[in-house]
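J.: I'd like to ask you about the structure that follows.
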Amino acid sequence: MATYLNMAQILVSLALVFAVLFQVKGGGLGGVFGSPETVFRTRRGIEKTLLQFTLVLIVLFVVVSVLSVRLHTAA
């Protein structure tokens with residue numbers, strides 16, 4: 001059981017890393033040249049879906065981590 005939890009934690013962590021890296025950053029180099037992005041805009045389409053997927057992965061990672069710790073301390 002511990003092996004499956006460890007493998008699940010590794011897979012979820014890799015998916016979480018890639019989901020965070022695919023997030024779009026606002027502004028870019030515009031702030032360096034004096035035009036910072038001060039306009040508020042909502043996330044739409046793929047950005048919103050990617051944000052929700054990232055949040056689900058965060059919750060899943062925390063759940064798997066807690067289960068893994070409880071399993072290791074019980075043994």
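Going through the structure tokens in order, the chains are called A, B, and so on, while each chain numbers its residues from 1 and the ligands are numbered from 1 in the order shown.
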Please provide as a list in words all residues within 9 Å of stretch 49-64 of chain A, with the sequence filter that same-chain residues fewer than 3 positions apart are discarded (counting only C-alpha atoms).

T.: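 My reading of the contact set: Leu5, Asn6, Ala8, Gln9, Val12, Ser13, Ala15, Leu16, Ala19, Val20, Phe22, Gln23, Arg43, Arg44, Gly45, Ile46, Leu67, Ser68 and Val69 of chain A.
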
J.: Put those residues in a file: C-alpha atoms, as a PDB file, in the first residue's frame.

T.:
ATOM      1  CA  LEU A   5       0.858   5.928  -2.265  1.00  0.00           C
ATOM      2  CA  ASN A   6       4.472   6.879  -2.975  1.00  0.00           C
ATOM      3  CA  ALA A   8       0.722   8.334  -6.616  1.00  0.00           C
ATOM      4  CA  GLN A   9       2.470  11.150  -4.788  1.00  0.00           C
ATOM      5  CA  VAL A  12       0.622  13.962  -8.707  1.00  0.00           C
ATOM      6  CA  SER A  13       3.650  16.099  -7.878  1.00  0.00           C
ATOM      7  CA  ALA A  15       1.512  16.799 -12.835  1.00  0.00           C
ATOM      8  CA  LEU A  16       1.346  19.697 -10.369  1.00  0.00           C
ATOM      9  CA  ALA A  19       0.393  22.568 -14.365  1.00  0.00           C
ATOM     10  CA  VAL A  20       2.097  25.402 -12.492  1.00  0.00           C
ATOM     11  CA  PHE A  22       1.949  26.111 -17.886  1.00  0.00           C
ATOM     12  CA  GLN A  23       0.275  28.995 -16.049  1.00  0.00           C
ATOM     13  CA  ARG A  43      -9.338  34.050 -16.420  1.00  0.00           C
ATOM     14  CA  ARG A  44     -11.275  32.552 -19.281  1.00  0.00           C
ATOM     15  CA  GLY A  45     -11.212  29.400 -21.320  1.00  0.00           C
ATOM     16  CA  ILE A  46      -8.088  27.314 -20.996  1.00  0.00           C
ATOM     17  CA  LEU A  67      -2.434   9.438   3.902  1.00  0.00           C
ATOM     18  CA  SER A  68       1.191   8.535   3.278  1.00  0.00           C
ATOM     19  CA  VAL A  69       2.319  10.055   6.575  1.00  0.00           C
TER      20      VAL A  69
END

J.: Between atom CA of A:Ala2 and atom CA of A:Leu71, what is the distance in Å, rounded to a tenth?

T.: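 Going from atom CA of A:Ala2 over to atom CA of A:Leu71, I get 7.0 Å.
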
J.: Could you state the separation of atom CA of A:Met1 and atom CA of A:Phe18 in Å, given to one decimal place?

T.: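 These two atoms are separated by 26.1 Å.
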
J.: Between A:Glu47, A:Thr42, A:His72, A:Val17, which is the closest to A:Thr3 once you count only C-alpha atoms?

T.: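 Using only C-alpha atoms, the shortest distance to A:Thr3 belongs to A:His72.
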